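**Student:** So here's start_37.txt, just compact mmCIF, C-alpha atoms and all ligand atoms:
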```txt
# COMPACT_ATOMS: atom_id res chain seq x y z
CA MET A 540 123.58 50.10 45.47
CA LYS A 541 122.89 46.74 47.09
CA GLN A 542 119.18 46.03 47.58
CA PHE A 543 117.90 46.18 51.15
CA GLN A 544 114.71 45.67 53.11
CA TYR A 545 113.09 48.79 54.63
CA LEU A 546 111.43 48.44 58.06
CA ARG A 547 109.51 50.97 60.11
CA PRO A 548 108.65 49.35 63.46
CA ALA A 549 105.90 51.26 65.25
CA THR A 550 107.45 51.64 68.71
CA GLN A 551 110.85 51.98 70.37
CA GLN A 552 110.45 48.48 71.78
CA ALA A 553 109.70 47.12 68.33
CA VAL A 554 112.84 48.87 67.02
CA LEU A 555 114.91 47.28 69.80
CA ASP A 556 113.48 43.89 68.83
CA VAL A 557 114.92 44.07 65.29
CA ILE A 558 118.16 46.10 65.42
CA ASN A 559 120.36 43.44 67.01
CA LYS A 560 120.31 41.28 63.89
CA PRO A 561 123.53 41.25 61.78
CA GLY A 562 123.29 43.36 58.63
CA THR A 563 120.75 45.73 60.18
CA LYS A 564 121.30 49.48 60.29
CA ILE A 565 119.24 52.29 61.78
CA ILE A 566 118.38 55.24 59.56
CA ALA A 567 117.20 58.66 60.70
CA GLY A 568 118.23 61.69 58.58
CA GLY A 569 120.45 59.45 56.45
CA THR A 570 122.85 62.31 55.63
CA ASN A 571 125.89 60.07 56.01
CA LEU A 572 124.51 56.53 55.74
CA VAL A 573 122.96 57.04 52.30
CA ASP A 574 126.30 58.30 50.96
CA LEU A 575 128.02 55.25 52.43
CA MET A 576 125.46 52.94 50.85
CA LYS A 577 125.75 54.58 47.42
CA ARG A 578 129.51 54.06 47.49
CA GLY A 579 129.27 50.46 48.69
CA VAL A 580 131.01 51.26 52.00
CA ALA A 581 127.90 50.32 53.99
CA THR A 582 125.90 47.38 52.63
CA PRO A 583 123.04 46.70 55.07
CA ASP A 584 120.46 43.99 54.42
CA LYS A 585 117.83 45.87 56.44
CA LEU A 586 117.31 49.55 57.15
CA VAL A 587 115.26 50.36 60.25
CA ASP A 588 113.65 53.80 59.96
CA ILE A 589 113.21 55.44 63.39
CA ASN A 590 112.15 58.94 62.33
CA HIS A 591 108.63 58.55 63.74
CA LEU A 592 109.74 57.67 67.31
CA PRO A 593 108.94 60.35 69.93
CA LEU A 594 112.58 61.35 70.51
CA LYS A 595 112.60 64.97 69.34
CA ASN A 596 112.04 66.72 72.66
CA ILE A 597 114.24 69.48 74.09
CA THR A 598 113.39 69.89 77.76
CA ILE A 599 114.73 71.13 81.08
CA THR A 600 115.26 68.37 83.65
CA LYS A 601 116.12 68.62 87.34
CA THR A 602 119.82 68.45 86.52
CA GLY A 603 120.23 69.88 83.04
CA LEU A 604 119.02 70.03 79.48
CA HIS A 605 117.69 66.92 77.74
CA ILE A 606 117.77 66.67 73.96
CA GLY A 607 116.10 63.76 72.19
CA ALA A 608 118.18 61.74 69.73
CA LEU A 609 115.87 62.62 66.82
CA ALA A 610 115.92 66.39 67.39
CA LEU A 611 117.14 67.95 64.15
CA ASN A 612 120.47 69.77 64.20
CA SER A 613 118.76 72.88 62.77
CA VAL A 614 116.03 72.82 65.44
CA VAL A 615 118.51 72.38 68.31
CA SER A 616 120.74 75.16 67.00
CA GLU A 617 117.79 77.62 66.97
CA ASN A 618 116.10 76.45 70.19
CA ASP A 619 115.62 79.13 72.87
CA LEU A 620 116.52 76.83 75.78
CA VAL A 621 119.74 75.77 74.06
CA ALA A 622 120.63 79.39 73.23
CA LYS A 623 120.06 80.45 76.84
CA LYS A 624 121.58 77.53 78.73
CA GLN A 625 124.12 75.96 76.35
CA PRO A 626 125.07 78.48 73.63
CA LEU A 627 128.30 76.57 72.93
CA LEU A 628 126.21 73.71 71.52
CA ALA A 629 124.26 76.07 69.27
CA MET A 630 127.49 77.63 67.98
CA ALA A 631 129.01 74.23 67.20
CA LEU A 632 125.89 73.04 65.39
CA LYS A 633 125.75 76.17 63.24
CA ALA A 634 129.40 75.60 62.27
CA GLY A 635 128.58 72.13 60.95
CA ALA A 636 127.65 71.04 57.41
CA SER A 637 125.15 73.25 55.53
CA PRO A 638 121.61 74.51 56.33
CA GLN A 639 120.13 71.79 54.11
CA LEU A 640 122.03 69.02 55.89
CA ARG A 641 121.26 70.45 59.34
CA ASN A 642 117.58 70.29 58.40
CA MET A 643 117.85 66.52 57.93
CA ALA A 644 120.58 65.48 60.38
CA THR A 645 119.62 64.38 63.88
CA VAL A 646 121.52 64.54 67.17
CA GLY A 647 121.90 60.75 67.34
CA GLY A 648 122.91 60.53 63.69
CA ASN A 649 125.48 63.27 64.16
CA MET A 650 127.09 61.14 66.87
CA MET A 651 127.03 58.04 64.67
CA GLN A 652 128.43 59.65 61.51
CA ARG A 653 131.61 58.06 60.23
CA THR A 654 134.98 59.54 59.38
CA ARG A 655 135.41 61.45 56.14
CA CYS A 656 138.86 59.91 55.46
CA GLY A 657 139.05 59.64 51.66
CA TYR A 658 140.50 56.11 51.80
CA PHE A 659 137.51 54.95 53.86
CA TYR A 660 135.12 56.07 51.09
CA ASP A 661 137.20 54.67 48.20
CA THR A 662 136.55 50.92 48.02
CA THR A 663 139.58 50.40 45.74
CA MET A 664 141.98 51.55 48.51
CA PRO A 665 143.24 49.85 51.68
CA CYS A 666 141.44 50.91 54.85
CA ASN A 667 141.44 49.07 58.18
CA LYS A 668 138.25 50.82 59.25
CA ARG A 669 136.31 49.60 56.20
CA VAL A 670 138.07 46.24 55.76
CA PRO A 671 139.96 45.21 58.93
CA GLY A 672 143.47 43.99 58.13
CA SER A 673 143.64 45.64 54.69
CA GLY A 674 146.05 48.40 55.77
CA CYS A 675 145.79 52.14 56.24
CA GLY A 676 146.11 54.24 53.11
CA ALA A 677 146.40 57.46 55.07
CA TYR A 678 149.23 56.55 57.45
CA GLU A 679 151.88 57.27 54.83
CA GLY A 680 149.49 58.72 52.29
CA VAL A 681 147.46 61.90 51.92
CA ASN A 682 146.69 62.66 55.54
CA ARG A 683 146.12 66.40 55.65
CA MET A 684 142.76 66.06 57.48
CA HIS A 685 143.95 63.35 59.87
CA ALA A 686 144.61 62.90 63.59
CA ILE A 687 147.48 64.31 65.63
CA PHE A 688 146.24 62.78 68.91
CA GLY A 689 145.36 59.20 69.84
CA GLY A 690 146.05 57.56 66.48
CA SER A 691 147.44 54.05 65.99
CA GLU A 692 149.35 52.34 63.19
CA GLN A 693 145.99 50.87 62.22
CA CYS A 694 144.15 54.17 61.75
CA ILE A 695 144.66 57.94 62.08
CA ALA A 696 141.16 59.02 61.06
CA VAL A 697 139.30 61.83 62.84
CA HIS A 698 135.69 62.05 63.94
CA PRO A 699 134.10 64.72 61.75
CA SER A 700 131.45 66.20 64.06
CA ASP A 701 131.34 69.74 65.44
CA MET A 702 128.34 69.09 67.69
CA CYS A 703 130.14 66.24 69.46
CA VAL A 704 133.11 68.46 70.32
CA SER A 705 130.84 70.84 72.21
CA LEU A 706 128.99 67.99 73.96
CA ALA A 707 132.31 66.48 75.07
CA ALA A 708 133.39 69.86 76.46
CA LEU A 709 130.08 70.33 78.29
CA ASP A 710 130.26 66.97 80.12
CA ALA A 711 127.13 65.69 78.41
CA GLU A 712 125.85 62.17 78.97
CA VAL A 713 124.59 59.82 76.27
CA ILE A 714 121.34 58.00 77.07
CA ILE A 715 121.17 54.58 75.45
CA ALA A 716 118.27 52.11 75.33
CA GLY A 717 118.73 48.37 74.98
CA LYS A 718 116.78 45.21 75.63
CA LYS A 719 117.88 45.27 79.28
CA GLY A 720 116.76 48.87 79.82
CA GLU A 721 118.55 52.22 79.69
CA ARG A 722 122.15 53.11 80.46
CA ARG A 723 124.08 56.36 80.53
CA LEU A 724 127.60 57.00 79.37
CA PRO A 725 129.76 60.13 79.71
CA PHE A 726 129.96 61.70 76.25
CA THR A 727 133.77 61.66 76.44
CA GLU A 728 133.63 57.85 76.68
CA PHE A 729 131.11 57.25 73.88
CA HIS A 730 133.53 57.47 70.94
CA ARG A 731 136.62 55.22 70.86
CA LEU A 732 140.24 55.63 69.88
CA PRO A 733 141.18 53.34 66.97
CA GLY A 734 143.75 51.08 68.69
CA ASP A 735 143.72 47.67 67.03
CA HIS A 736 140.03 47.91 66.12
CA PRO A 737 139.49 51.01 64.01
CA GLU A 738 136.36 49.42 62.55
CA MET A 739 134.65 50.27 65.87
CA ASP A 740 133.81 53.96 66.19
CA ASN A 741 132.06 53.97 69.55
CA GLN A 742 130.86 51.98 72.57
CA LEU A 743 127.35 51.24 71.28
CA THR A 744 126.76 47.47 71.28
CA ALA A 745 124.53 45.43 68.99
CA GLY A 746 120.86 46.00 69.71
CA GLU A 747 121.32 49.40 71.39
CA LEU A 748 119.74 52.71 70.36
CA ILE A 749 120.78 56.25 71.32
CA ILE A 750 117.65 57.94 72.67
CA GLY A 751 119.05 61.27 73.87
CA VAL A 752 121.78 63.36 75.43
CA GLU A 753 121.71 65.37 78.62
CA ILE A 754 123.91 68.37 79.40
CA PRO A 755 124.30 69.12 83.12
CA ASP A 756 123.68 72.68 84.34
CA ASN A 757 126.78 74.87 84.37
CA ASN A 758 127.93 78.48 84.55
CA PHE A 759 129.44 78.61 81.06
CA SER A 760 126.67 80.38 79.16
CA LYS A 761 128.29 83.84 79.39
CA ASN A 762 131.78 82.78 78.37
CA SER A 763 131.87 80.09 75.73
CA TYR A 764 132.96 79.95 72.10
CA TYR A 765 133.28 77.45 69.26
CA LEU A 766 136.06 78.23 66.80
CA LYS A 767 136.36 76.14 63.64
CA VAL A 768 139.26 76.48 61.21
CA ARG A 769 138.47 75.03 57.78
CA ASP A 770 139.28 75.40 54.11
CA ARG A 771 135.95 77.12 53.29
CA GLN A 772 133.60 79.11 55.48
CA SER A 773 130.68 76.74 54.84
CA TYR A 774 130.15 73.03 54.27
CA ALA A 775 133.70 71.98 55.14
CA PHE A 776 135.00 69.74 57.88
CA ALA A 777 137.31 71.11 60.55
CA LEU A 778 141.04 71.16 60.09
CA VAL A 779 141.07 72.05 63.77
CA SER A 780 138.19 73.20 65.95
CA VAL A 781 138.00 74.17 69.61
CA ALA A 782 135.08 74.31 72.03
CA ALA A 783 136.01 76.59 74.93
CA ALA A 784 133.89 77.30 78.01
CA LEU A 785 134.92 79.38 81.01
CA ASP A 786 133.33 80.25 84.33
CA ILE A 787 134.92 83.57 85.29
CA GLU A 788 134.39 85.51 88.54
CA ASN A 789 136.05 88.89 89.02
CA GLY A 790 138.46 88.12 86.21
CA ILE A 791 139.57 84.79 87.72
CA ILE A 792 138.78 81.45 86.06
CA GLN A 793 136.75 79.17 88.36
CA HIS A 794 136.15 76.35 85.90
CA ALA A 795 137.25 75.65 82.34
CA ARG A 796 136.24 73.18 79.65
CA LEU A 797 138.15 72.62 76.42
CA ALA A 798 137.74 70.10 73.62
CA MET A 799 139.15 69.88 70.10
CA GLY A 800 137.75 68.56 66.86
CA GLY A 801 139.55 67.51 63.67
CA VAL A 802 142.48 66.13 65.65
CA ALA A 803 141.49 62.65 66.90
CA HIS A 804 139.26 59.62 66.34
CA LYS A 805 136.97 61.13 69.00
CA PRO A 806 136.28 64.61 70.36
CA TRP A 807 139.55 65.35 72.16
CA ARG A 808 139.12 66.76 75.64
CA LEU A 809 142.02 68.87 76.99
CA PHE A 810 141.86 68.04 80.70
CA ASP A 811 145.41 69.17 81.63
CA ALA A 812 144.97 72.52 79.92
CA GLU A 813 141.61 73.00 81.69
CA ARG A 814 143.18 72.32 85.11
CA SER A 815 146.05 74.69 84.38
CA LEU A 816 143.63 77.61 83.95
CA ILE A 817 141.75 77.25 87.24
CA GLY A 818 142.45 80.08 89.69
CA LYS A 819 144.28 82.15 87.08
CA PRO A 820 143.32 85.48 85.50
CA ALA A 821 141.57 85.20 82.14
CA SER A 822 144.51 86.62 80.19
CA GLU A 823 146.03 86.05 76.77
CA ASP A 824 149.32 84.85 78.30
CA ASN A 825 147.57 82.23 80.42
CA PHE A 826 145.56 81.07 77.42
CA LYS A 827 148.74 80.66 75.34
CA GLN A 828 150.38 78.62 78.11
CA ALA A 829 147.33 76.37 78.42
CA ALA A 830 147.34 75.92 74.62
CA GLN A 831 150.97 74.77 74.65
CA LEU A 832 150.21 72.32 77.47
CA ALA A 833 147.27 70.95 75.48
CA MET A 834 149.56 69.91 72.62
CA GLN A 835 151.68 67.50 74.67
CA GLY A 836 151.72 64.12 72.92
CA ALA A 837 150.59 65.51 69.57
CA LYS A 838 152.16 63.86 66.52
CA GLY A 839 152.08 64.84 62.85
CA TYR A 840 152.16 62.34 59.99
CA GLY A 841 153.40 64.55 57.17
CA TYR A 842 150.67 66.45 55.36
CA ASN A 843 148.84 67.13 58.63
CA SER A 844 151.89 68.37 60.59
CA PHE A 845 150.69 71.96 60.15
CA LYS A 846 148.08 71.12 62.82
CA LEU A 847 150.85 71.08 65.45
CA LYS A 848 151.03 74.89 65.09
CA LEU A 849 147.44 75.52 64.10
CA GLY A 850 146.19 73.60 67.17
CA PRO A 851 147.61 75.79 69.94
CA ALA A 852 146.86 78.97 68.00
CA THR A 853 143.22 77.91 67.68
CA ILE A 854 142.94 76.98 71.37
CA ALA A 855 144.34 80.35 72.48
CA GLU A 856 142.07 82.24 70.08
CA ALA A 857 138.97 80.32 71.15
CA LEU A 858 139.75 81.06 74.82
CA LYS A 859 140.19 84.76 74.04
CA HIS A 860 136.78 84.83 72.35
CA ALA A 861 135.20 82.90 75.25
CA ALA A 862 136.65 85.35 77.77
CA GLY A 863 135.46 88.35 75.77
CA LEU A 864 139.01 89.55 75.03
CA VAL A 865 138.38 89.77 71.28
FE1 LIG A 901 141.01 53.80 56.92
FE2 LIG A 901 141.50 55.01 59.25
FE3 LIG A 901 143.49 54.62 57.56
FE4 LIG A 901 141.57 56.36 56.94
S1 LIG A 901 143.01 56.56 58.60
S2 LIG A 901 142.53 54.79 55.60
S3 LIG A 901 139.79 55.42 57.89
S4 LIG A 901 142.27 53.01 58.54
```
Translate the structure described by the file into structure tokens.
Ligand code: SF4
**Tutor:**
Amino acid sequence: MKQFQYLRPATQQAVLDVINKPGTKIIAGGTNLVDLMKRGVATPDKLVDINHLPLKNITITKTGLHIGALALNSVVSENDLVAKKQPLLAMALKAGASPQLRNMATVGGNMMQRTRCGYFYDTTMPCNKRVPGSGCGAYEGVNRMHAIFGGSEQCIAVHPSDMCVSLAALDAEVIIAGKKGERRLPFTEFHRLPGDHPEMDNQLTAGELIIGVEIPDNNFSKNSYYLKVRDRQSYAFALVSVAAALDIENGIIQHARLAMGGVAHKPWRLFDAERSLIGKPASEDNFKQAAQLAMQGAKGYGYNSFKLKLGPATIAEALKHAAGLV
């Protein structure tokens, strides 16, 4: 591993003063970054440890639920406020990684984790995300885990998070601090599609720090479900996952939220399918129709073409669970 300098600035302001320098990376739980450094994929000159910053709070605000960027995945998943107000988030977190990793991983780090595309981690292989312009090993290679939505000829990697899929579905906002103050971004806009710049995963700019997320109040706590299809029941990334949330009154859907994981470079929100459900009975037939609608524009690349059938089946099943039909 390349040698690096370790810094632990005392305050958030002091962190902001040092993180805009080239070659600087922030470390919190380190559950992804340390792997990347061991393999020579990430080679920072300086690591800025932020674990001591006061960003672990989980609190009710006037408009929703605030979760600090350094709250541990394990703590958030077991928190009473989260269980009561946003159980979809707790379900997604418990589906992710392993108990040991959830005990180290933070909310902000979960958002910043990088793709698990095998070519990205293998420094002997071409990968536009790791070395722009070097090619994409997965496009015509082993792409079983890869995207069916939003890919480009440059990259068809997927974002690996479960937590982020639920936060995208729940209309969360990302709270970001920078030298000019704070800004907020809809969670659905935080991660990018690859386009011609797959090396960029998200909209964070140099010198910025995620300090928290906020989930607005909603009526989804009774009818939500996170369904993850994977090769093993534990410690495996999603082949396809679905976060489904419904607001149902007298059997009729008032509002719906749907997002998929394991299918795109970002959590993939299914806006058309959501709209198609509003005003309709919460029935299996309507869920299947919405699932078919959600797959418009999906494209397989060979080994991952099974996701074109697995996707709609998973959406319909997640909606059935959310509606209490299973
Ligand atoms: Fe690299 Fe993206 Fe291609 Fe994977 S899919 S090899 S991450 S460019």
**Student:** Please provide the set of residues having any atom within 6 Å of stretch 571-583 of chain A, restricted to only C-alpha atoms, with same-chain residues fewer than 6 positions apart removed, written as a compact mmCIF listing (two decimals) with C-alpha atoms, keeping the file's coordinate frame.
**Tutor:**
```txt
# COMPACT_ATOMS: atom_id res chain seq x y z
CA MET A 540 123.58 50.10 45.47
CA GLY A 562 123.29 43.36 58.63
CA THR A 563 120.75 45.73 60.18
```
**Student:** Write out as JSON lines the residues of chain A that have any atom within 7 Å of an atom of ligand LIG 901 (chain A), one row each with the nearest atom pair and its distance in Å to one decimal, counting all atoms listed in the file, sorted by chain and then rising number.
**Tutor:**
```
{"residue": "A:Thr654", "atom": "CA", "partner": "A:LIG901", "partner_atom": "S3", "distance": 6.5}
{"residue": "A:Cys656", "atom": "CA", "partner": "A:LIG901", "partner_atom": "FE4", "distance": 4.7}
{"residue": "A:Gly657", "atom": "CA", "partner": "A:LIG901", "partner_atom": "FE4", "distance": 6.7}
{"residue": "A:Tyr658", "atom": "CA", "partner": "A:LIG901", "partner_atom": "S2", "distance": 4.5}
{"residue": "A:Phe659", "atom": "CA", "partner": "A:LIG901", "partner_atom": "S3", "distance": 4.7}
{"residue": "A:Pro665", "atom": "CA", "partner": "A:LIG901", "partner_atom": "S2", "distance": 6.3}
{"residue": "A:Cys666", "atom": "CA", "partner": "A:LIG901", "partner_atom": "FE1", "distance": 3.6}
{"residue": "A:Asn667", "atom": "CA", "partner": "A:LIG901", "partner_atom": "S4", "distance": 4.0}
{"residue": "A:Lys668", "atom": "CA", "partner": "A:LIG901", "partner_atom": "S4", "distance": 4.6}
{"residue": "A:Arg669", "atom": "CA", "partner": "A:LIG901", "partner_atom": "FE1", "distance": 6.3}
{"residue": "A:Gly674", "atom": "CA", "partner": "A:LIG901", "partner_atom": "S4", "distance": 6.6}
{"residue": "A:Cys675", "atom": "CA", "partner": "A:LIG901", "partner_atom": "FE3", "distance": 3.6}
{"residue": "A:Gly676", "atom": "CA", "partner": "A:LIG901", "partner_atom": "S2", "distance": 4.4}
{"residue": "A:Ala677", "atom": "CA", "partner": "A:LIG901", "partner_atom": "S2", "distance": 4.7}
{"residue": "A:Tyr678", "atom": "CA", "partner": "A:LIG901", "partner_atom": "FE3", "distance": 6.1}
{"residue": "A:His685", "atom": "CA", "partner": "A:LIG901", "partner_atom": "S1", "distance": 7.0}
{"residue": "A:Gln693", "atom": "CA", "partner": "A:LIG901", "partner_atom": "S4", "distance": 5.7}
{"residue": "A:Cys694", "atom": "CA", "partner": "A:LIG901", "partner_atom": "FE2", "distance": 3.7}
{"residue": "A:Ile695", "atom": "CA", "partner": "A:LIG901", "partner_atom": "S1", "distance": 4.1}
{"residue": "A:Ala696", "atom": "CA", "partner": "A:LIG901", "partner_atom": "S1", "distance": 3.9}
{"residue": "A:Pro737", "atom": "CA", "partner": "A:LIG901", "partner_atom": "S4", "distance": 6.5}
```
**Student:** Using Å and a single decimal, report how far atom CA of A:Tyr660 sits from atom CA of A:Gly635.
**Tutor:**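 That distance, rounded to one decimal, is 19.9 Å.
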**Student:** So that I can check the surroundings of A:Gly818, please list as a list in words every protein, DNA and RNA residue that reaches within 10 Å of it, counting all atoms listed in the file and ignoring chain neighbours fewer than 4 positions away.
**Tutor:** Ile787, Glu788, Gly790, Ile791, Ile792, Gln793, His794 and Arg814 of chain A
**Student:** Record the distance separating atom CA of A:Lys595 and atom CA of A:Gly751, expressed in Å with one decimal.
**Tutor:** 8.7 Å
**Student:** Choose the residue, out of A:Gln835, A:Asn789, A:Ser780, A:Ser815, that has the smallest atom-to-atom separation from A:Ile854; count all atoms listed in the file.
**Tutor:**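 The closest residue to A:Ile854 is A:Ser780.
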**Student:** Suppose you want the space between atom CA of A:Phe776 and atom CA of A:Pro806; what is it in Å?
**Tutor:**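 We find that atom CA of A:Phe776 and atom CA of A:Pro806 lie 13.6 Å from each other.
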**Student:** Within 12 Å of (146.9, 81.1, 82.2) (coordinates as in the file), grab all the protein and nucleic acid residues, counting all atoms listed in the file, and write them out as a PyMOL selection string.
**Tutor:** chain A and resi 790-792+795+812-832+855+858-859+862
**Student:** Considering only C-alpha atoms, state which residue in the set A:Ile597, A:Val713, A:Ala707, A:Ala777 is at the smallest distance from A:Arg796.
**Tutor:** A:Ala707
**Student:** Could you tell me which of A:Ser760, A:Ser637, A:Asn590, A:Asn642 comes closest to A:Leu611 if we count all atoms listed in the file?
**Tutor:**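 Of A:Ser760, A:Ser637, A:Asn590, A:Asn642, the one nearest A:Leu611, counting all atoms listed in the file, is A:Asn642.
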**Student:** Considering all atoms listed in the file, return as a PyMOL selection string whatever protein or nucleic-acid residues lie within 9 Å of A:Gly800, sequence-local ones (same chain, fewer than 6 positions apart) excluded.
**Tutor:** chain A and resi 697-701+703-704+767+777-782+806-807
**Student:** Looking at all atoms listed in the file, which of A:Leu709, A:Met651, A:Met643, A:Ala686 is the one that sits closest to A:Tyr840?
**Tutor:**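 Between A:Leu709, A:Met651, A:Met643, A:Ala686, the residue approaching A:Tyr840 most closely is A:Ala686.
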**Student:** Just want the 6 Å neighbourhood of A:Asn762, counted on only C-alpha atoms, with same-chain residues fewer than 6 positions away dropped. Output as a PDB file with C-alpha atoms, keeping the file's coordinate frame.
**Tutor:**
```pdb
ATOM      1  CA  ALA A 784     133.890  77.300  78.010  1.00  0.00           C
ATOM      2  CA  LEU A 785     134.920  79.380  81.010  1.00  0.00           C
ATOM      3  CA  ALA A 861     135.200  82.900  75.250  1.00  0.00           C
ATOM      4  CA  ALA A 862     136.650  85.350  77.770  1.00  0.00           C
TER       5      ALA A 862
END
```
